[in-house]
file model-v6.csv (CSV, C-alpha atoms)
chain,number,residue,atom,x,y,z
A,1253,LYS,CA,114.5,92.9,118.3
A,1254,THR,CA,116.6,94.7,115.6
A,1255,ASN,CA,116.9,92.9,112.3
A,1256,GLY,CA,118.0,95.8,110.1
A,1257,GLU,CA,114.6,96.1,108.4
A,1258,THR,CA,113.4,99.7,107.9
A,1259,VAL,CA,109.9,100.3,109.0
A,1260,ALA,CA,107.5,103.2,109.5
A,1261,ILE,CA,105.6,103.5,112.8
A,1262,LYS,CA,102.6,105.8,113.2
A,1263,LYS,CA,101.4,106.6,116.7
A,1264,MET,CA,97.7,107.5,116.8
A,1265,LYS,CA,96.8,110.6,118.7
A,1266,LYS,CA,93.7,109.2,120.4
A,1267,LYS,CA,93.9,106.8,123.3
A,1268,TYR,CA,92.1,103.4,123.0
A,1269,ASP,CA,90.7,101.4,125.9
A,1270,THR,CA,90.2,98.0,124.2
A,1271,TRP,CA,91.7,96.0,121.3
A,1272,GLU,CA,88.2,95.7,119.7
A,1273,GLU,CA,88.0,99.5,119.6
A,1274,CYS,CA,91.3,99.7,117.8
A,1275,MET,CA,90.5,97.0,115.3
A,1276,SER,CA,87.1,98.6,114.5
A,1277,LEU,CA,88.7,101.8,113.3
A,1278,ARG,CA,88.0,102.5,109.6
A,1279,GLU,CA,91.6,103.4,108.9
A,1280,ILE,CA,92.9,100.1,110.3
A,1281,LYS,CA,90.2,98.1,108.5
A,1282,ALA,CA,91.1,99.8,105.2
A,1283,LEU,CA,94.9,99.4,105.7
A,1284,ARG,CA,94.5,95.7,106.5
A,1285,LYS,CA,92.7,95.1,103.2
A,1286,LEU,CA,95.2,96.9,100.9
A,1287,ASN,CA,97.3,94.7,98.7
A,1288,HIS,CA,99.1,96.5,95.8
A,1289,LYS,CA,102.7,96.6,94.7
A,1290,ASN,CA,102.8,100.4,95.0
A,1291,VAL,CA,101.3,100.7,98.4
A,1292,ILE,CA,103.3,100.1,101.6
A,1293,LYS,CA,101.8,97.2,103.4
A,1294,LEU,CA,100.6,97.4,107.0
A,1295,LYS,CA,102.5,94.7,108.9
A,1296,GLU,CA,100.8,94.9,112.3
A,1297,VAL,CA,98.8,97.0,114.7
A,1298,ILE,CA,100.2,97.4,118.2
A,1299,ARG,CA,98.4,98.6,121.3
A,1300,VAL,CA,100.6,99.5,124.3
A,1301,ASN,CA,98.5,100.5,127.3
A,1302,SER,CA,96.1,102.8,125.6
A,1303,ASP,CA,98.4,103.9,122.8
A,1304,LEU,CA,97.9,102.6,119.3
A,1305,PHE,CA,100.6,102.2,116.7
A,1306,GLU,CA,100.6,101.2,113.0
A,1307,HIS,CA,103.7,99.3,111.9
A,1308,MET,CA,104.4,99.4,108.2
A,1309,LYS,CA,107.3,97.9,106.2
A,1310,GLY,CA,109.6,100.5,104.7
A,1311,THR,CA,109.1,104.2,104.1
A,1312,ILE,CA,108.6,106.4,101.2
A,1313,LEU,CA,111.7,108.3,102.2
A,1314,ASP,CA,113.8,105.2,101.9
A,1315,LEU,CA,112.3,104.6,98.4
A,1316,LEU,CA,113.3,108.1,97.3
A,1317,LYS,CA,116.8,107.8,98.9
A,1318,ASN,CA,117.3,104.5,97.0
A,1319,ASN,CA,116.2,106.1,93.8
A,1320,LEU,CA,118.4,109.1,94.3
A,1321,LYS,CA,121.3,106.7,93.8
A,1322,TYR,CA,119.6,105.1,90.8
A,1323,LYS,CA,122.3,103.7,88.4
A,1324,GLY,CA,125.0,105.5,90.3
A,1325,GLN,CA,123.6,108.9,89.4
A,1326,LEU,CA,123.0,111.6,92.0
A,1327,GLY,CA,119.4,112.8,91.6
A,1328,LEU,CA,116.7,111.5,89.3
A,1329,ASP,CA,116.6,111.9,85.5
A,1330,GLU,CA,113.3,112.9,84.0
A,1331,LYS,CA,112.5,109.3,82.9
A,1332,ARG,CA,113.0,107.8,86.4
A,1333,ALA,CA,111.1,110.7,88.0
A,1334,ALA,CA,108.2,109.9,85.7
A,1335,GLU,CA,108.3,106.2,86.5
A,1336,ILE,CA,108.2,106.9,90.2
A,1337,MET,CA,105.3,109.4,89.8
A,1338,LYS,CA,103.4,106.8,87.8
A,1339,GLN,CA,103.9,104.2,90.6
A,1340,VAL,CA,102.7,106.7,93.2
A,1341,LEU,CA,99.6,107.6,91.1
A,1342,GLU,CA,98.8,103.9,90.6
A,1343,GLY,CA,99.0,103.3,94.3
A,1344,LEU,CA,96.7,106.3,95.0
A,1345,GLU,CA,94.2,105.1,92.4
A,1346,TYR,CA,94.1,101.7,94.0
A,1347,ILE,CA,93.6,103.1,97.5
A,1348,HIS,CA,90.8,105.4,96.4
A,1349,ASN,CA,88.9,102.9,94.3
call {"tool": "encode", "arguments": {"input": "model-v6.csv", "output": "structure tokens"}}
result
Amino acid sequence: KTNGETVAIKKMKKKYDTWEECMSLREIKALRKLNHKNVIKLKEVIRVNSDLFEHMKGTILDLLKNNLKYKGQLGLDEKRAAEIMKQVLEGLEYIHN
């Protein structure tokens, strides 16, 4: 169903035989636990036949596109670029701690 929401979908390279195998993946376990304002949230994990997909809300590209139109300007000024970089680094710090 299309609702206009922008999402990111990642298809895993490996094939998976069972749902339990998918849910026991370290990456899936870690993504399910993440909860930070500067980290894109995992919405759901989908298994179709033996293919596994991660479904996340929004994309970093959309964030950047929205910020390129920041306050009607084309491009980012130095202050806004620094704000975005700070948010990215805060998200990375959260993920790696």
call {"tool": "atom_distance", "arguments": {"input": "model-v6.csv", "atom1": "atom CA of A:Leu1294", "atom2": "atom CA of A:His1307"}}
result
6.1 Å
call {"tool": "residues_near_point", "arguments": {"input": "model-v6.csv", "point": "(97.5, 101.6, 118.9)", "cutoff": "12 Å", "atoms": "only C-alpha atoms", "output": "PyMOL selection string"}}
result
chain A and resi 1261-1277+1279-1280+1296-1307
call {"tool": "closest_residue", "arguments": {"input": "model-v6.csv", "among": "A:Glu1345, A:Arg1278, A:Asn1290, A:Leu1313", "to": "A:Thr1258", "atoms": "only C-alpha atoms"}}
result
A:Leu1313
call {"tool": "closest_residue", "arguments": {"input": "model-v6.csv", "among": "A:Met1308, A:Ala1260, A:Ala1333, A:Val1291", "to": "A:Ile1347", "atoms": "only C-alpha atoms"}}
result
A:Val1291
call {"tool": "closest_residue", "arguments": {"input": "model-v6.csv", "among": "A:Thr1311, A:Lys1293, A:His1288, A:Lys1331", "to": "A:Leu1344", "atoms": "all atoms listed in the file"}}
result
A:His1288
call {"tool": "atom_distance", "arguments": {"input": "model-v6.csv", "atom1": "atom CA of A:His1348", "atom2": "atom CA of A:Arg1284"}}
result
14.5 Å
call {"tool": "atom_distance", "arguments": {"input": "model-v6.csv", "atom1": "atom CA of A:Lys1317", "atom2": "atom CA of A:Lys1338"}}
result
17.4 Å
call {"tool": "closest_residue", "arguments": {"input": "model-v6.csv", "among": "A:Val1340, A:Ala1334, A:Ile1292, A:Ala1282", "to": "A:Val1259", "atoms": "all atoms listed in the file"}}
result
A:Ile1292
call {"tool": "closest_residue", "arguments": {"input": "model-v6.csv", "among": "A:Met1337, A:Tyr1346, A:Lys1309, A:Arg1332", "to": "A:Gly1256", "atoms": "only C-alpha atoms"}}
result
A:Lys1309
